[in-house]
Amino acid sequence: MALFFLLLWLVVLPLAGLALAAYLIYRGAAARGRRVAPGPGAAAREPPPAAGPFAAPFPLRREGEAPGEMEAAGEIAPAVAPGLPESYGEDRLVLLTRDPYWLFAYWELGPALEAEARRRLGPAYAASQPVLRLYDLEVGDHLDSRLTPEASSWYLNPARPGHRFLAELGLLDPSGRFLSLLRSNLAATPPDGPAPSEEGEWACPEELFLRLFPWLRRPRGPGSPLAWGRRGPVRIEAGFSPGLRHSRPWG
Amino acid sequence: MPVEVEGFLALILHAHLPYVRHPECEGGLEERWLMEAITESYIPLLEVLEGLERDNVPVRVSVCLTPTLGSMLTDGLLQDRYRRHLERHLELAAREQERTRGDPDFAPLAAMYRGRLERARDYWEGARSDLLSRFRGLQDRGRIELLASAATHGYLPLLGLRRETVRAQVAVGVEAYRRSFGRDPSGFWLPECGFNPGDDEVLREFGLRWVVLETHGVLFASRRPRYGPFAPILCPSGLAAFARDVETSKQVWSSLEGYPGDYFYRDFYRDIGYDLGLDYLAPYLPGGRLRCHTGFKYYRVTGPTDQKQPYVPRLAEEKAAEHAANFLFNRSHQVEYLAQVMDRPPAVVAPYDAELFGHWWFEGPRWLDLVLRGIGRGHRLRAVTPSDYMDRFPRNQVAVPSMSSWGYKGYSEVWLEGSNDWIYRHLHLAADRMVRLANAHPAAQGLTRRALTQAARELLLAQASDWAFIMKAGTAADYARGRTVAHLAAFQRLEAALSATPPGAPGDAVALAGLDPAWLEEQESRHNLFPWLDYRVFRSDWRGPVLTRPGAEAEPAPEASVPAGG
């Protein structure tokens with residue numbers, strides 16, 4: 001019984017997390033439509049908040065030693081900035097690396113490609129759904145993100161440090177067939193810890209390596225990747241389909 | 001008697017401000033960033049460095065003045081404005097002395113501020129308004145090493161979708177350095193310490209020898225670094241990557257554990273700009289009514305309370321001395337410990353924002369002075385620059401550093417999140433089109449050339465990492481959004497006309513394609529960064545000129561050179 005609940009939690013918690021993340025992203029996307037950014041020169045300037053000690057009035061670049069401030073400060077910006085075109089008439093899908101766990105994709109998909117999709121899918125077009133398919137080039141599997149129709153960007157959380165990825169934007173028809181419309185550039189996530197061991201001509205035994213930075217064993221704030229020494233890498237594998245059914249698009 | 005060297009300390013001061021020159025509006029809030037930084041940080045730091053030279057203290061420090069800051073420091077309009085800003089503040093200082101007359105706590109402080117402003121004016125006059133030359137002089141006399149940086153502080157990991165973009169940022173940054181300092185750079189400050197594997201190859205094209213990465217950039221390299229962050233690793237391209245030291249950064253940076261938060265230090269936030277009546281302050285505020293920092297701050301940090309105590313310079317001075325001694329004590333123990341583990345002296349690399357010293361941490365320049373003088377008196381440490389270290393230890397372990405930055409969480413999240421992710425679709429596309437234009441026009445002339453150059457300039461200005469950072473930080477976010485849109489919109493206007501201009505057509509053909517020469521001229525005078533800019537830095541086949549060794553005679557400027565195959 002206890003095992004059953006344990007398993008239940010192991011399944012439910014990550015799913016709930018994913019659902020929450022998806023909701024937040026959706027809210028973000030929805031908020032974009034509403035806000036309007038003032039144009040240049042219309043800056044409503046206010047004195048800096050007398051909050052945390054590092055909220056300097058001009059942008060001192062610094063590490064975020066006070067995560068609370070940094071987290072709270074940013075606001076969701078409009079997707080469309082007045083004064084800039086909504087689209088450029090160039091179909092493209094771009095994949096950017098945010099950190100070892102997250103990627104960001106944005107795209108522009110013009111009417112011509114959409115018309116082609118309509119033609120190729122035929123009657124299934126109406127029932128098909130926009131999907132961003134992320135291929136993990138190390139493992140050879142993929143992760144599908146079902147997109148909201150109005151989305152033009154998406155945050156992806158493969159949580160796979162040190163992997164290379166490639167994305168395709170396409171439509172998933174009711175039978176599960178994926179029609180790829182756009183392919184992205186290649187993006188790599190950085191590792192989230194030191195290389196497993198020393199190679200080659202330089203030898204450095206494990207105990208010596210750790211003696212060089214004993215502080216790695218101490219707990220560190222959430223703002224530093226060096227927290228790996230305490231918590232170990234985060235790995236969320238949920239959501240990845242086990243195998244790649246069709247041939248690799250890059251091969 | 002000199003003590004045997006156990007370790008090297010590489011202090012790096014990174015001075016940067018985005019390009020906030022607004023000819024149309026004097027005394028704006030953003031322009032004051034520059035004015036305040038000159039009075040409170042750049043001049044005090046120069047005084048410290050020149051004082052060390054005068055007393056022949058055997059220490060070396062690295063300083064980076066970014067190309068945008070350097071351009072503003074040499075801009076005649078801004079120099080005149082600084083002088084007027086200083087005069088207004090001297091007037092305010094006189095009124096403050098009058099206002100606080102007889103007050104045992106505040107009168108001495110008003111006198112102190114007046115004295116500092118007078119010293120700043122004397123320094124400014126002595127330097128003939130040219131601070132950049134003072135830094136150059138210190139480098140020429142071997143006292144400091146100046147670093148180059150990217151053209152407009154572009155955050156390379158997110159711009160680097162095209163190598164041409166990285167190359168243009170580096171090429172223009174290196175050229176700005178050569179023009180300002182009359183030699184080739186050896187070290188390069190990566191904006192935000194942002195590094196992506198492969199960027200090192202571009203930096204090597206320009207003969208650059210070393211960069212500084214956030215600690216995990218080296219620690220998480222493709223191979224375990226044998227000396228951890230206490231020696232550089234060499235990228236396969238040959239570029240050395242030094243790692244920022246965790247302990248030294250925390251002691252100075254951290255808002256909780258760091259020195260600047262000490263209760264006896266001057267409080268940054270309590271400023272008469274917010275405390276006194278608008279009638280009194282009006283002549284010294286932007287627009288006569290926008291409250292902001294004036295620099296007149298009479299209280300000390302005191303503690304987590306609003307009941308601040310008056311600032312007492314003598315107690316703060318004692319604290320600065322105590323903290324300098326503590327810093328040296330800690331470094332001494334750090335290198336002693338490391339010396340047991342390493343078979344060569346460790347290099348402790350401590351980069352800081354220059355504006356931290358003086359502007360934010362009022363006593364910072366004094367602390368720095370005491371630290372460097374302490375080292376100079378024969379400490380176990382030697383204060384060197386990374387180039388000095390490289391000269392001594394040229395052989396280093398080869399590994400590919402990890403993508404990293406010194407931003408919050410250590411990667412790209414600060415510059416890629418809900419408030420600012422919208423900029424990249426515009427920035428990347430503009431870069432694509434700029435490359436296309438530069439490739440199509442190998443040798444444009446006349447108006448077409450000017451339009452191409454201005455397009456490159458607007459793109460570089462839009463690429464500044466500051467805009468994304470400010471959008472994220474929330475303060476002045478409208479300004480940052482406005483700047484991003486304004487530069488991109490100007491780029492697009494130029495690009496539209498240039499795309500309709502056949503390559504090789506007469507120089508003024510771009511006007512026939514719809515470009516208004518009067519508008520271009522206005523744009524050139526408003527956004528006048530890098531007057532020598534060559535748009536061909538965006539060509540796919542652009543290669544940097546072959547650099548001479550640092551300190552040797554400079555090669556001819558790239559104006560005279562032709563891009564390979566171009």
# chains A, B, ... in the order shown; residues from 1 in each chain; ligands from 1

$ select_by_dssp --residues "stretch 133-191 of chain A" --states "strand (DSSP E or B)" --output "number ranges by chain"
A: 133-136, 142-146, 153-156, 164-172, 178-188

$ residues_around --residues "B:Pro23" --least-positions-apart "5" --cutoff "10 Å" --atoms "only C-alpha atoms" --output "number ranges by chain"
B: 77-78, 525-527

$ interface_residues --of "chain B" --to "chain A" --cutoff "7 Å" --atoms "only C-alpha atoms" --output "count of residues only"
48

$ atom_distance --atom1 "atom CA of B:Gly160" --atom2 "atom CA of B:Ala241"
18.6 Å

$ residues_around --residues "stretch 139-152 of chain B" --least-positions-apart "2" --cutoff "7 Å" --atoms "only C-alpha atoms" --output "JSON, numbers by chain"
{"B": [53, 60, 61, 62, 63, 64, 66, 67, 68, 135, 136, 137, 154, 169, 170, 172, 173, 174, 177, 185, 186, 187, 188, 189, 190, 191, 385, 460, 461, 463, 464]}

$ write_last_selection --atoms "N, CA and C atoms" --output "mmCIF file, in the first residue's frame"
data_model
loop_
_atom_site.group_PDB
_atom_site.id
_atom_site.type_symbol
_atom_site.label_atom_id
_atom_site.label_comp_id
_atom_site.auth_asym_id
_atom_site.auth_seq_id
_atom_site.Cartn_x
_atom_site.Cartn_y
_atom_site.Cartn_z
ATOM 1 N N GLU B 53 50.799 54.737 -7.779
ATOM 2 C CA GLU B 53 51.941 54.968 -8.661
ATOM 3 C C GLU B 53 52.903 55.981 -8.027
ATOM 4 N N ARG B 60 49.808 45.614 -9.586
ATOM 5 C CA ARG B 60 49.178 45.850 -10.893
ATOM 6 C C ARG B 60 47.714 45.440 -10.807
ATOM 7 N N VAL B 61 46.883 46.212 -11.458
ATOM 8 C CA VAL B 61 45.443 45.994 -11.441
ATOM 9 C C VAL B 61 44.967 46.004 -12.888
ATOM 10 N N SER B 62 43.912 45.234 -13.178
ATOM 11 C CA SER B 62 43.332 45.264 -14.522
ATOM 12 C C SER B 62 42.070 46.125 -14.505
ATOM 13 N N VAL B 63 41.904 46.887 -15.549
ATOM 14 C CA VAL B 63 40.735 47.752 -15.651
ATOM 15 C C VAL B 63 40.130 47.587 -17.027
ATOM 16 N N CYS B 64 38.812 47.449 -17.064
ATOM 17 C CA CYS B 64 38.131 47.436 -18.355
ATOM 18 C C CYS B 64 37.234 48.649 -18.444
ATOM 19 N N THR B 66 34.541 49.884 -21.017
ATOM 20 C CA THR B 66 33.887 49.362 -22.216
ATOM 21 C C THR B 66 33.846 50.432 -23.306
ATOM 22 N N PRO B 67 33.723 50.010 -24.564
ATOM 23 C CA PRO B 67 33.710 50.977 -25.659
ATOM 24 C C PRO B 67 32.593 52.029 -25.540
ATOM 25 N N THR B 68 31.421 51.641 -25.027
ATOM 26 C CA THR B 68 30.364 52.651 -24.905
ATOM 27 C C THR B 68 30.736 53.681 -23.839
ATOM 28 N N PHE B 135 43.676 56.902 -17.812
ATOM 29 C CA PHE B 135 43.789 55.440 -17.763
ATOM 30 C C PHE B 135 44.867 54.957 -18.725
ATOM 31 N N ARG B 136 44.862 55.543 -19.911
ATOM 32 C CA ARG B 136 45.870 55.161 -20.900
ATOM 33 C C ARG B 136 47.279 55.413 -20.367
ATOM 34 N N GLY B 137 47.459 56.549 -19.702
ATOM 35 C CA GLY B 137 48.768 56.875 -19.138
ATOM 36 C C GLY B 137 49.202 55.838 -18.102
ATOM 37 N N GLY B 154 27.270 43.546 -25.773
ATOM 38 C CA GLY B 154 26.317 42.537 -26.227
ATOM 39 C C GLY B 154 26.525 41.235 -25.463
ATOM 40 N N GLN B 169 30.808 42.330 -32.806
ATOM 41 C CA GLN B 169 30.932 42.898 -31.455
ATOM 42 C C GLN B 169 32.397 42.921 -31.012
ATOM 43 N N VAL B 170 33.115 41.846 -31.321
ATOM 44 C CA VAL B 170 34.517 41.766 -30.905
ATOM 45 C C VAL B 170 35.382 42.708 -31.746
ATOM 46 N N VAL B 172 34.664 45.436 -33.376
ATOM 47 C CA VAL B 172 34.474 46.855 -33.076
ATOM 48 C C VAL B 172 35.034 47.175 -31.686
ATOM 49 N N GLY B 173 34.865 46.244 -30.744
ATOM 50 C CA GLY B 173 35.421 46.467 -29.409
ATOM 51 C C GLY B 173 36.942 46.568 -29.445
ATOM 52 N N VAL B 174 37.570 45.704 -30.221
ATOM 53 C CA VAL B 174 39.036 45.720 -30.311
ATOM 54 C C VAL B 174 39.517 46.989 -31.018
ATOM 55 N N TYR B 177 39.364 49.873 -28.739
ATOM 56 C CA TYR B 177 40.488 49.792 -27.796
ATOM 57 C C TYR B 177 41.763 50.365 -28.421
ATOM 58 N N PRO B 185 44.934 44.918 -27.462
ATOM 59 C CA PRO B 185 44.569 44.344 -26.161
ATOM 60 C C PRO B 185 45.062 42.910 -26.029
ATOM 61 N N SER B 186 45.235 42.513 -24.783
ATOM 62 C CA SER B 186 45.619 41.131 -24.509
ATOM 63 C C SER B 186 44.434 40.411 -23.855
ATOM 64 N N GLY B 187 43.772 41.077 -22.927
ATOM 65 C CA GLY B 187 42.608 40.496 -22.258
ATOM 66 C C GLY B 187 41.318 41.084 -22.802
ATOM 67 N N PHE B 188 40.271 40.304 -22.700
ATOM 68 C CA PHE B 188 38.967 40.740 -23.209
ATOM 69 C C PHE B 188 37.923 40.481 -22.142
ATOM 70 N N TRP B 189 37.158 41.517 -21.821
ATOM 71 C CA TRP B 189 36.071 41.340 -20.855
ATOM 72 C C TRP B 189 34.823 40.888 -21.603
ATOM 73 N N LEU B 190 34.397 39.668 -21.325
ATOM 74 C CA LEU B 190 33.163 39.177 -21.931
ATOM 75 C C LEU B 190 31.997 39.824 -21.191
ATOM 76 N N PRO B 191 31.132 40.549 -21.889
ATOM 77 C CA PRO B 191 30.015 41.190 -21.202
ATOM 78 C C PRO B 191 29.239 40.170 -20.370
ATOM 79 N N THR B 385 48.215 41.152 -13.125
ATOM 80 C CA THR B 385 47.116 41.053 -14.083
ATOM 81 C C THR B 385 47.164 39.642 -14.683
ATOM 82 N N LEU B 460 24.185 47.501 -33.430
ATOM 83 C CA LEU B 460 25.074 47.320 -32.272
ATOM 84 C C LEU B 460 24.456 47.940 -31.021
ATOM 85 N N LEU B 461 23.870 49.118 -31.176
ATOM 86 C CA LEU B 461 23.268 49.776 -30.011
ATOM 87 C C LEU B 461 22.095 48.972 -29.470
ATOM 88 N N GLN B 463 21.867 45.851 -29.519
ATOM 89 C CA GLN B 463 22.355 44.579 -28.959
ATOM 90 C C GLN B 463 22.880 44.689 -27.529
ATOM 91 N N ALA B 464 22.944 45.876 -26.968
ATOM 92 C CA ALA B 464 23.497 46.038 -25.618
ATOM 93 C C ALA B 464 22.742 45.161 -24.618
#

$ residues_around --residues "B:Ala120" --least-positions-apart "4" --cutoff "10 Å" --atoms "only C-alpha atoms" --output "PyMOL selection string"
chain B and resi 38-40+42-44+47+86+114-116+124-126

$ residues_around --residues "B:Trp361" --least-positions-apart "6" --cutoff "10 Å" --atoms "only C-alpha atoms" --output "number ranges by chain"
B: 40-41, 252-253, 259-261, 265-268, 355, 367

$ closest_residue --among "B:Val48, B:Val20, B:Val348, B:Ala15" --to "B:Glu247" --atoms "only C-alpha atoms"
B:Val348

$ residues_around --residues "A:Leu171" --least-positions-apart "4" --cutoff "10 Å" --atoms "only C-alpha atoms" --output "number ranges by chain"
A: 114, 117-118, 121, 125, 127-133, 146-147, 176-181

$ write_last_selection --atoms "N, CA and C atoms" --output "PDB file, in the first residue's frame"
ATOM      1  N   GLU A 114       1.393  27.589 -43.843  1.00  0.00           N
ATOM      2  CA  GLU A 114       0.146  27.150 -43.251  1.00  0.00           C
ATOM      3  C   GLU A 114      -0.766  26.568 -44.342  1.00  0.00           C
ATOM      4  N   ALA A 117       0.387  23.166 -45.179  1.00  0.00           N
ATOM      5  CA  ALA A 117      -0.028  22.203 -44.156  1.00  0.00           C
ATOM      6  C   ALA A 117      -1.489  21.809 -44.368  1.00  0.00           C
ATOM      7  N   ARG A 118      -2.285  22.812 -44.686  1.00  0.00           N
ATOM      8  CA  ARG A 118      -3.715  22.555 -44.912  1.00  0.00           C
ATOM      9  C   ARG A 118      -3.888  21.593 -46.085  1.00  0.00           C
ATOM     10  N   LEU A 121      -2.479  17.981 -45.069  1.00  0.00           N
ATOM     11  CA  LEU A 121      -3.238  17.246 -44.065  1.00  0.00           C
ATOM     12  C   LEU A 121      -4.677  17.001 -44.494  1.00  0.00           C
ATOM     13  N   TYR A 125      -6.694  18.533 -41.111  1.00  0.00           N
ATOM     14  CA  TYR A 125      -6.063  19.802 -40.716  1.00  0.00           C
ATOM     15  C   TYR A 125      -6.803  20.464 -39.558  1.00  0.00           C
ATOM     16  N   ALA A 127      -8.570  19.348 -37.230  1.00  0.00           N
ATOM     17  CA  ALA A 127      -8.508  18.678 -35.923  1.00  0.00           C
ATOM     18  C   ALA A 127      -7.066  18.538 -35.422  1.00  0.00           C
ATOM     19  N   SER A 128      -6.106  19.007 -36.196  1.00  0.00           N
ATOM     20  CA  SER A 128      -4.717  18.816 -35.773  1.00  0.00           C
ATOM     21  C   SER A 128      -4.270  19.956 -34.856  1.00  0.00           C
ATOM     22  N   GLN A 129      -3.187  19.669 -34.154  1.00  0.00           N
ATOM     23  CA  GLN A 129      -2.774  20.614 -33.121  1.00  0.00           C
ATOM     24  C   GLN A 129      -1.327  21.054 -33.320  1.00  0.00           C
ATOM     25  N   PRO A 130      -1.055  22.347 -33.098  1.00  0.00           N
ATOM     26  CA  PRO A 130       0.341  22.785 -33.223  1.00  0.00           C
ATOM     27  C   PRO A 130       1.211  22.195 -32.115  1.00  0.00           C
ATOM     28  N   VAL A 131       2.335  21.677 -32.529  1.00  0.00           N
ATOM     29  CA  VAL A 131       3.219  20.992 -31.582  1.00  0.00           C
ATOM     30  C   VAL A 131       4.655  21.421 -31.839  1.00  0.00           C
ATOM     31  N   LEU A 132       5.376  21.616 -30.770  1.00  0.00           N
ATOM     32  CA  LEU A 132       6.808  21.850 -30.882  1.00  0.00           C
ATOM     33  C   LEU A 132       7.500  20.574 -30.444  1.00  0.00           C
ATOM     34  N   ARG A 133       8.203  19.970 -31.375  1.00  0.00           N
ATOM     35  CA  ARG A 133       8.839  18.684 -31.081  1.00  0.00           C
ATOM     36  C   ARG A 133      10.330  18.917 -30.866  1.00  0.00           C
ATOM     37  N   ARG A 146       2.546  20.670 -26.668  1.00  0.00           N
ATOM     38  CA  ARG A 146       1.350  21.111 -27.388  1.00  0.00           C
ATOM     39  C   ARG A 146       1.191  22.604 -27.160  1.00  0.00           C
ATOM     40  N   LEU A 147       1.061  23.319 -28.246  1.00  0.00           N
ATOM     41  CA  LEU A 147       1.108  24.781 -28.160  1.00  0.00           C
ATOM     42  C   LEU A 147      -0.301  25.359 -28.187  1.00  0.00           C
ATOM     43  N   GLY A 176      -2.075  10.910 -34.786  1.00  0.00           N
ATOM     44  CA  GLY A 176      -0.759  10.893 -34.163  1.00  0.00           C
ATOM     45  C   GLY A 176       0.371  11.132 -35.144  1.00  0.00           C
ATOM     46  N   ARG A 177       0.021  11.447 -36.380  1.00  0.00           N
ATOM     47  CA  ARG A 177       1.043  11.717 -37.394  1.00  0.00           C
ATOM     48  C   ARG A 177       1.537  13.156 -37.218  1.00  0.00           C
ATOM     49  N   PHE A 178       2.844  13.317 -37.287  1.00  0.00           N
ATOM     50  CA  PHE A 178       3.430  14.651 -37.092  1.00  0.00           C
ATOM     51  C   PHE A 178       3.906  15.209 -38.424  1.00  0.00           C
ATOM     52  N   LEU A 179       3.377  16.346 -38.786  1.00  0.00           N
ATOM     53  CA  LEU A 179       3.811  17.010 -40.001  1.00  0.00           C
ATOM     54  C   LEU A 179       4.743  18.162 -39.609  1.00  0.00           C
ATOM     55  N   SER A 180       5.998  18.028 -39.969  1.00  0.00           N
ATOM     56  CA  SER A 180       6.980  19.053 -39.609  1.00  0.00           C
ATOM     57  C   SER A 180       6.933  20.197 -40.602  1.00  0.00           C
ATOM     58  N   LEU A 181       6.881  21.415 -40.097  1.00  0.00           N
ATOM     59  CA  LEU A 181       6.828  22.584 -40.978  1.00  0.00           C
ATOM     60  C   LEU A 181       8.113  23.419 -40.920  1.00  0.00           C
TER      61      LEU A 181
END
